There are 2 protein chains.
Amino acid sequence: MYGLIGKIKALPGKREPLIDLLLEGSEMPGCLSYVVARDPIEPDNLWITEVWDCQESRQASLSLPVVQQTMEKSQALIAGFEQHVQTRPVGGQGLAHSG
Amino acid sequence: MYGLIGKIKALPGKREPLIDLLLEGSEMPGCLSYVVARDPIEPDNLWITEVWDCQESRQASLSLPVVQQTMEKSQALIAGFEQHVQTRPVGGQGLAHSG
């Protein structure tokens with residue numbers, strides 16, 4: 001499996017519309033987990049944790065029209081990427097079965 | 001919802017038994033997601049990402065006998081905690097429904 005942990009800094013006051021945008025996305029092939037979370041301390045920051053059945057699925061998702069639209073719209077709301085970690089998930093709970 | 005993102009450094013050569021131990025745990029009340037992942041670059045490091053229906057559920061889980069046994073056994077395998085972030089998950093995919 002392939003995982004990502006990312007910390008994104010939104011432009012001031014833009015975290016909520018960014019969260020809404022990120023959560024608009026529909027189910028993506030091979031996506032086993034995709035969680036958007038607020039940072040409780042830093043008001044402009046949010047975290048995204050992802051698990052995919054493989055890196056290729058995640059890569060392929062970037063070409064989906066809905067994902068490209070989301071990426072385009074979110075650029076106007078993002079100040080920067082503060083952490084971007086790739087992981088190799090082994091297992092756990094709450095991993096949707098890969099369609 | 002309540003979330004945690006943790007980076008744990010295992011003692012040299014102890015990452016795999018630590019992963020096995022962490023994945024032995026059974027379903028925990030209120031746990032919507034619990035993923036254990038290897039760090040692909042640092043051979044002793046692993047990541048745990050968790051989502052709970054609320055902070056109280058996560059706190060209560062620490063009193064479960066199975067969790068206490070896991071924590072006890074894992075102490076002999078852990079060198080240190082390198083990152084421990086609390087988050088407020090908003091939504092996403094792969095979140096089991098809270099039992």
# chains A, B, ... in the order shown; residues from 1 in each chain; ligands from 1

$ interface_residues --of "chain B" --to "chain A" --cutoff "7 Å" --atoms "only C-alpha atoms" --output "list in words"
Leu23, Leu32, Ser33, Tyr34, Val35, Val36, Ala37, Arg38, Asp39, Pro40, Thr87, Arg88, Pro89, Val90, Gly91, Gly92, Gln93, Gly94, Leu95 and Ala96 of chain B

$ residues_around --residues "A:Thr70" --least-positions-apart "4" --cutoff "7 Å" --atoms "only C-alpha atoms" --output "CSV table (one decimal) with N, CA and C atoms, in the first residue's frame"
chain,number,residue,atom,x,y,z
A,21,LEU,N,-13.7,22.1,-0.3
A,21,LEU,CA,-13.2,21.8,-1.7
A,21,LEU,C,-12.6,20.4,-1.7
A,22,LEU,N,-11.7,20.1,-0.7
A,22,LEU,CA,-11.1,18.8,-0.6
A,22,LEU,C,-12.0,17.7,-0.4
A,66,VAL,N,-12.1,15.5,-12.0
A,66,VAL,CA,-12.6,16.0,-10.7
A,66,VAL,C,-11.4,16.4,-9.8
A,74,SER,N,-8.0,24.8,-5.7
A,74,SER,CA,-7.4,25.0,-4.3
A,74,SER,C,-6.1,25.8,-4.4

$ residues_around --residues "A:Lys9" --least-positions-apart "5" --cutoff "12 Å" --atoms "only C-alpha atoms" --output "tab-separated table (two decimals) with N, CA, C and O atoms, in the first residue's frame"
chain	number	residue	atom	x	y	z
A	14	LYS	N	-8.83	31.07	4.70
A	14	LYS	CA	-9.28	30.23	3.57
A	14	LYS	C	-9.30	28.73	3.92
A	14	LYS	O	-9.53	27.89	3.04
A	15	ARG	N	-9.04	28.40	5.19
A	15	ARG	CA	-9.00	26.96	5.50
A	15	ARG	C	-10.34	26.27	5.28
A	15	ARG	O	-10.40	25.20	4.71
A	16	GLU	N	-11.40	26.89	5.71
A	16	GLU	CA	-12.72	26.23	5.62
A	16	GLU	C	-13.15	26.00	4.17
A	16	GLU	O	-13.54	24.88	3.81
A	18	LEU	N	-11.21	25.65	1.73
A	18	LEU	CA	-10.28	24.64	1.21
A	18	LEU	C	-10.70	23.24	1.67
A	18	LEU	O	-10.72	22.30	0.88
A	19	ILE	N	-11.09	23.14	2.92
A	19	ILE	CA	-11.57	21.84	3.43
A	19	ILE	C	-12.81	21.40	2.65
A	19	ILE	O	-12.89	20.26	2.19
A	38	ARG	N	-8.53	19.40	10.56
A	38	ARG	CA	-8.01	20.70	10.99
A	38	ARG	C	-6.87	20.49	11.98
A	38	ARG	O	-6.89	19.54	12.77
A	39	ASP	N	-5.92	21.40	11.95
A	39	ASP	CA	-4.91	21.45	13.01
A	39	ASP	C	-5.55	22.26	14.13
A	39	ASP	O	-6.02	23.38	13.90
A	42	GLU	N	-2.94	25.54	14.97
A	42	GLU	CA	-2.61	26.53	13.94
A	42	GLU	C	-3.83	26.76	13.05
A	42	GLU	O	-4.19	25.86	12.25
A	43	PRO	N	-4.47	27.93	13.14
A	43	PRO	CA	-5.79	28.14	12.51
A	43	PRO	C	-5.80	28.06	10.98
A	43	PRO	O	-6.86	27.84	10.39
A	44	ASP	N	-4.65	28.20	10.35
A	44	ASP	CA	-4.65	28.13	8.88
A	44	ASP	C	-4.23	26.76	8.36
A	44	ASP	O	-4.21	26.53	7.15
A	45	ASN	N	-3.87	25.85	9.28
A	45	ASN	CA	-3.30	24.57	8.84
A	45	ASN	C	-4.30	23.42	8.86
A	45	ASN	O	-5.17	23.35	9.73
A	46	LEU	N	-4.12	22.54	7.89
A	46	LEU	CA	-4.91	21.31	7.87
A	46	LEU	C	-3.99	20.15	7.47
A	46	LEU	O	-2.91	20.36	6.91
A	47	TRP	N	-4.46	18.94	7.81
A	47	TRP	CA	-3.71	17.73	7.55
A	47	TRP	C	-4.52	16.83	6.62
A	47	TRP	O	-5.74	16.73	6.75
A	48	ILE	N	-3.83	16.19	5.70
A	48	ILE	CA	-4.48	15.18	4.85
A	48	ILE	C	-3.70	13.89	5.00
A	48	ILE	O	-2.48	13.87	4.86
A	74	SER	N	-8.02	24.85	-5.66
A	74	SER	CA	-7.40	24.97	-4.32
A	74	SER	C	-6.14	25.83	-4.35
A	74	SER	O	-5.73	26.38	-3.33
A	75	GLN	N	-5.54	25.99	-5.54
A	75	GLN	CA	-4.31	26.80	-5.61
A	75	GLN	C	-4.54	28.21	-5.08
A	75	GLN	O	-3.68	28.81	-4.45
A	76	ALA	N	-5.75	28.71	-5.30
A	76	ALA	CA	-6.07	30.09	-4.87
A	76	ALA	C	-6.30	30.16	-3.36
A	76	ALA	O	-6.49	31.25	-2.81
A	77	LEU	N	-6.28	29.02	-2.69
A	77	LEU	CA	-6.59	28.99	-1.25
A	77	LEU	C	-5.39	28.55	-0.42
A	77	LEU	O	-5.41	28.61	0.81
A	78	ILE	N	-4.32	28.09	-1.10
A	78	ILE	CA	-3.19	27.49	-0.39
A	78	ILE	C	-2.00	28.44	-0.31
A	78	ILE	O	-1.60	29.04	-1.30
A	79	ALA	N	-1.43	28.55	0.90
A	79	ALA	CA	-0.23	29.38	1.09
A	79	ALA	C	1.03	28.55	0.89
A	79	ALA	O	2.04	29.01	0.38
A	80	GLY	N	0.95	27.27	1.34
A	80	GLY	CA	2.14	26.43	1.19
A	80	GLY	C	1.94	25.04	1.75
A	80	GLY	O	0.94	24.77	2.41
A	81	PHE	N	2.90	24.18	1.42
A	81	PHE	CA	2.87	22.79	1.90
A	81	PHE	C	3.96	22.65	2.97
A	81	PHE	O	5.14	22.81	2.65
A	82	GLU	N	3.56	22.41	4.20
A	82	GLU	CA	4.52	22.44	5.29
A	82	GLU	C	5.15	21.08	5.58
A	82	GLU	O	6.25	20.99	6.12
A	83	GLN	N	4.44	20.02	5.28
A	83	GLN	CA	4.99	18.66	5.47
A	83	GLN	C	4.39	17.75	4.43
A	83	GLN	O	3.21	17.85	4.11
A	84	HIS	N	5.25	16.89	3.87
A	84	HIS	CA	4.75	15.97	2.85
A	84	HIS	C	5.53	14.68	3.02
A	84	HIS	O	6.72	14.62	2.67

$ select_by_dssp --residues "stretch 42-97 of chain B" --states "alpha helix (DSSP H)" --output "list in words"
Gln55, Glu56, Ser57, Arg58, Gln59, Ala60, Ser61, Pro65, Val66, Val67, Gln68, Gln69, Thr70, Met71, Glu72, Lys73, Ser74 and Gln75 of chain B

$ atom_distance --atom1 "atom CA of B:Leu11" --atom2 "atom CA of B:Ser61"
25.1 Å

$ select_by_dssp --residues "chain A" --states "strand (DSSP E or B)" --output "ChimeraX atom specification"
/A:2-10,31-38,45-52,78-93

$ write_last_selection --atoms "N, CA and C atoms" --output "CSV table (one decimal), in the first residue's frame"
chain,number,residue,atom,x,y,z
A,2,TYR,N,0.3,2.3,-0.3
A,2,TYR,CA,1.0,3.6,-0.4
A,2,TYR,C,0.3,4.7,0.4
A,3,GLY,N,1.0,5.4,1.2
A,3,GLY,CA,0.4,6.4,2.0
A,3,GLY,C,1.0,7.8,1.9
A,4,LEU,N,0.3,8.8,2.3
A,4,LEU,CA,0.8,10.2,2.3
A,4,LEU,C,0.2,10.8,3.6
A,5,ILE,N,1.1,11.6,4.2
A,5,ILE,CA,0.7,12.5,5.3
A,5,ILE,C,1.1,13.9,4.9
A,6,GLY,N,0.2,14.8,4.8
A,6,GLY,CA,0.5,16.2,4.3
A,6,GLY,C,0.0,17.2,5.2
A,7,LYS,N,0.8,18.3,5.5
A,7,LYS,CA,0.3,19.4,6.2
A,7,LYS,C,0.3,20.6,5.3
A,8,ILE,N,-0.9,21.2,5.1
A,8,ILE,CA,-1.1,22.3,4.2
A,8,ILE,C,-1.4,23.6,5.0
A,9,LYS,N,-0.8,24.7,4.6
A,9,LYS,CA,-1.1,26.0,5.2
A,9,LYS,C,-2.0,26.7,4.2
A,10,ALA,N,-3.2,27.0,4.6
A,10,ALA,CA,-4.2,27.8,3.8
A,10,ALA,C,-3.8,29.2,3.9
A,31,CYS,N,-8.4,4.2,-3.7
A,31,CYS,CA,-8.2,5.0,-2.5
A,31,CYS,C,-8.8,4.2,-1.3
A,32,LEU,N,-8.0,3.9,-0.3
A,32,LEU,CA,-8.5,3.1,0.8
A,32,LEU,C,-8.8,4.0,2.0
A,33,SER,N,-8.2,5.2,2.0
A,33,SER,CA,-8.5,6.1,3.1
A,33,SER,C,-8.0,7.5,2.7
A,34,TYR,N,-8.9,8.5,3.0
A,34,TYR,CA,-8.5,9.9,2.6
A,34,TYR,C,-9.2,10.8,3.7
A,35,VAL,N,-8.4,11.3,4.6
A,35,VAL,CA,-9.0,12.0,5.7
A,35,VAL,C,-8.5,13.5,5.7
A,36,VAL,N,-9.4,14.4,5.8
A,36,VAL,CA,-9.0,15.8,5.9
A,36,VAL,C,-9.3,16.3,7.4
A,37,ALA,N,-8.3,16.9,8.0
A,37,ALA,CA,-8.4,17.3,9.4
A,37,ALA,C,-7.9,18.7,9.7
A,38,ARG,N,-8.5,19.4,10.6
A,38,ARG,CA,-8.0,20.7,11.0
A,38,ARG,C,-6.9,20.5,12.0
A,45,ASN,N,-3.9,25.8,9.3
A,45,ASN,CA,-3.3,24.6,8.8
A,45,ASN,C,-4.3,23.4,8.9
A,46,LEU,N,-4.1,22.5,7.9
A,46,LEU,CA,-4.9,21.3,7.9
A,46,LEU,C,-4.0,20.1,7.5
A,47,TRP,N,-4.5,18.9,7.8
A,47,TRP,CA,-3.7,17.7,7.5
A,47,TRP,C,-4.5,16.8,6.6
A,48,ILE,N,-3.8,16.2,5.7
A,48,ILE,CA,-4.5,15.2,4.8
A,48,ILE,C,-3.7,13.9,5.0
A,49,THR,N,-4.4,12.8,5.4
A,49,THR,CA,-3.7,11.5,5.4
A,49,THR,C,-4.4,10.6,4.4
A,50,GLU,N,-3.6,9.9,3.6
A,50,GLU,CA,-4.2,9.1,2.5
A,50,GLU,C,-3.5,7.7,2.6
A,51,VAL,N,-4.4,6.7,2.2
A,51,VAL,CA,-3.9,5.4,2.0
A,51,VAL,C,-4.4,4.9,0.6
A,52,TRP,N,-3.5,4.4,-0.2
A,52,TRP,CA,-3.9,3.9,-1.5
A,52,TRP,C,-3.5,2.4,-1.7
A,78,ILE,N,-4.3,28.1,-1.1
A,78,ILE,CA,-3.2,27.5,-0.4
A,78,ILE,C,-2.0,28.4,-0.3
A,79,ALA,N,-1.4,28.6,0.9
A,79,ALA,CA,-0.2,29.4,1.1
A,79,ALA,C,1.0,28.5,0.9
A,80,GLY,N,1.0,27.3,1.3
A,80,GLY,CA,2.1,26.4,1.2
A,80,GLY,C,1.9,25.0,1.7
A,81,PHE,N,2.9,24.2,1.4
A,81,PHE,CA,2.9,22.8,1.9
A,81,PHE,C,4.0,22.7,3.0
A,82,GLU,N,3.6,22.4,4.2
A,82,GLU,CA,4.5,22.4,5.3
A,82,GLU,C,5.2,21.1,5.6
A,83,GLN,N,4.4,20.0,5.3
A,83,GLN,CA,5.0,18.7,5.5
A,83,GLN,C,4.4,17.8,4.4
A,84,HIS,N,5.2,16.9,3.9
A,84,HIS,CA,4.7,16.0,2.8
A,84,HIS,C,5.5,14.7,3.0
A,85,VAL,N,4.9,13.7,3.6
A,85,VAL,CA,5.6,12.4,4.0
A,85,VAL,C,5.0,11.3,3.2
A,86,GLN,N,5.8,10.5,2.6
A,86,GLN,CA,5.3,9.3,1.9
A,86,GLN,C,5.5,8.1,2.9
A,87,THR,N,4.5,7.2,3.0
A,87,THR,CA,4.6,6.1,3.9
A,87,THR,C,4.2,4.8,3.2
A,88,ARG,N,4.5,3.7,3.8
A,88,ARG,CA,4.1,2.4,3.3
A,88,ARG,C,3.2,1.7,4.3
A,89,PRO,N,1.9,2.0,4.2
A,89,PRO,CA,0.9,1.4,5.2
A,89,PRO,C,1.0,-0.1,5.2
A,90,VAL,N,0.9,-0.7,6.4
A,90,VAL,CA,1.0,-2.2,6.5
A,90,VAL,C,-0.4,-2.7,6.8
A,91,GLY,N,-1.2,-2.0,7.6
A,91,GLY,CA,-2.5,-2.5,7.9
A,91,GLY,C,-3.2,-1.6,8.9
A,92,GLY,N,-4.3,-2.1,9.4
A,92,GLY,CA,-5.0,-1.3,10.5
A,92,GLY,C,-6.5,-1.4,10.3
A,93,GLN,N,-7.2,-0.4,10.9
A,93,GLN,CA,-8.7,-0.4,10.8
A,93,GLN,C,-9.1,0.8,9.9

$ atom_distance --atom1 "atom CA of B:Glu56" --atom2 "atom CA of B:Pro29"
10.5 Å

$ atom_distance --atom1 "atom CA of A:Leu64" --atom2 "atom CA of A:Gly30"
12.7 Å

$ decode --residues "stretch 71-84 of chain B" --atoms "all heavy atoms" --output "CSV table (one decimal), in the first residue's frame"
chain,number,residue,atom,x,y,z
B,71,MET,N,0.7,-1.8,24.9
B,71,MET,CA,1.6,-0.7,25.3
B,71,MET,C,2.8,-1.2,26.2
B,71,MET,O,3.9,-0.8,26.0
B,71,MET,CB,0.8,0.3,26.1
B,71,MET,CG,-0.1,1.2,25.2
B,71,MET,SD,-1.4,2.1,26.1
B,71,MET,CE,-0.5,3.0,27.3
B,72,GLU,N,2.5,-2.2,27.0
B,72,GLU,CA,3.5,-2.7,27.9
B,72,GLU,C,4.6,-3.4,27.0
B,72,GLU,O,5.8,-3.1,27.1
B,72,GLU,CB,2.9,-3.7,28.8
B,72,GLU,CG,3.1,-3.4,30.3
B,72,GLU,CD,2.2,-4.3,31.2
B,72,GLU,OE1,2.5,-5.5,31.3
B,72,GLU,OE2,1.1,-3.8,31.6
B,73,LYS,N,4.1,-4.3,26.2
B,73,LYS,CA,5.1,-5.1,25.3
B,73,LYS,C,5.8,-4.1,24.4
B,73,LYS,O,7.0,-4.4,24.1
B,73,LYS,CB,4.3,-6.1,24.5
B,73,LYS,CG,3.7,-7.3,25.3
B,73,LYS,CD,3.0,-8.2,24.3
B,73,LYS,CE,2.1,-9.2,25.0
B,73,LYS,NZ,1.1,-9.8,24.0
B,74,SER,N,5.2,-3.1,23.9
B,74,SER,CA,5.9,-2.3,22.9
B,74,SER,C,7.0,-1.4,23.5
B,74,SER,O,7.9,-1.0,22.8
B,74,SER,CB,4.8,-1.4,22.2
B,74,SER,OG,4.1,-0.6,23.1
B,75,GLN,N,6.9,-1.2,24.8
B,75,GLN,CA,7.9,-0.3,25.4
B,75,GLN,C,9.3,-0.9,25.2
B,75,GLN,O,10.3,-0.1,25.0
B,75,GLN,CB,7.7,-0.2,26.9
B,75,GLN,CG,6.7,0.9,27.2
B,75,GLN,CD,6.2,1.0,28.7
B,75,GLN,OE1,6.8,0.3,29.5
B,75,GLN,NE2,5.2,1.8,28.9
B,76,ALA,N,9.4,-2.2,25.1
B,76,ALA,CA,10.8,-2.8,24.9
B,76,ALA,C,11.2,-2.7,23.5
B,76,ALA,O,12.3,-3.1,23.2
B,76,ALA,CB,10.6,-4.3,25.3
B,77,LEU,N,10.4,-2.2,22.6
B,77,LEU,CA,10.7,-2.1,21.2
B,77,LEU,C,10.9,-0.7,20.7
B,77,LEU,O,11.3,-0.5,19.6
B,77,LEU,CB,9.6,-2.8,20.3
B,77,LEU,CG,9.3,-4.3,20.7
B,77,LEU,CD1,8.0,-4.8,20.0
B,77,LEU,CD2,10.5,-5.2,20.5
B,78,ILE,N,10.5,0.3,21.5
B,78,ILE,CA,10.5,1.7,21.1
B,78,ILE,C,11.7,2.5,21.6
B,78,ILE,O,12.0,2.4,22.8
B,78,ILE,CB,9.1,2.3,21.6
B,78,ILE,CG1,8.0,1.7,20.8
B,78,ILE,CG2,9.2,3.8,21.4
B,78,ILE,CD1,6.6,2.2,21.3
B,79,ALA,N,12.3,3.2,20.7
B,79,ALA,CA,13.4,4.1,21.1
B,79,ALA,C,12.9,5.5,21.4
B,79,ALA,O,13.4,6.1,22.3
B,79,ALA,CB,14.4,4.2,19.9
B,80,GLY,N,11.8,5.9,20.7
B,80,GLY,CA,11.3,7.2,21.1
B,80,GLY,C,10.2,7.6,20.1
B,80,GLY,O,9.9,7.0,19.2
B,81,PHE,N,9.5,8.7,20.6
B,81,PHE,CA,8.4,9.3,19.8
B,81,PHE,C,8.9,10.6,19.1
B,81,PHE,O,9.2,11.5,19.8
B,81,PHE,CB,7.2,9.5,20.7
B,81,PHE,CG,6.6,8.3,21.3
B,81,PHE,CD1,7.2,7.7,22.5
B,81,PHE,CD2,5.6,7.6,20.7
B,81,PHE,CE1,6.7,6.5,23.0
B,81,PHE,CE2,5.1,6.4,21.2
B,81,PHE,CZ,5.6,5.9,22.4
B,82,GLU,N,8.9,10.6,17.8
B,82,GLU,CA,9.5,11.7,17.1
B,82,GLU,C,8.5,12.8,16.7
B,82,GLU,O,8.9,13.9,16.5
B,82,GLU,CB,10.2,11.2,15.8
B,82,GLU,CG,11.3,10.1,16.2
B,82,GLU,CD,12.5,10.2,15.3
B,82,GLU,OE1,12.4,10.8,14.2
B,82,GLU,OE2,13.6,9.7,15.7
B,83,GLN,N,7.3,12.4,16.5
B,83,GLN,CA,6.2,13.4,16.2
B,83,GLN,C,4.9,12.9,16.8
B,83,GLN,O,4.6,11.7,16.7
B,83,GLN,CB,6.1,13.6,14.7
B,83,GLN,CG,5.2,14.7,14.3
B,83,GLN,CD,5.4,15.1,12.8
B,83,GLN,OE1,6.2,14.5,12.0
B,83,GLN,NE2,4.6,16.1,12.4
B,84,HIS,N,4.2,13.8,17.4
B,84,HIS,CA,2.9,13.4,17.9
B,84,HIS,C,2.0,14.6,17.7
B,84,HIS,O,2.1,15.7,18.4
B,84,HIS,CB,3.0,13.1,19.4
B,84,HIS,CG,1.8,12.7,20.1
B,84,HIS,ND1,1.3,11.4,20.0
B,84,HIS,CD2,0.9,13.4,20.9
B,84,HIS,CE1,0.1,11.3,20.7
B,84,HIS,NE2,-0.2,12.5,21.2
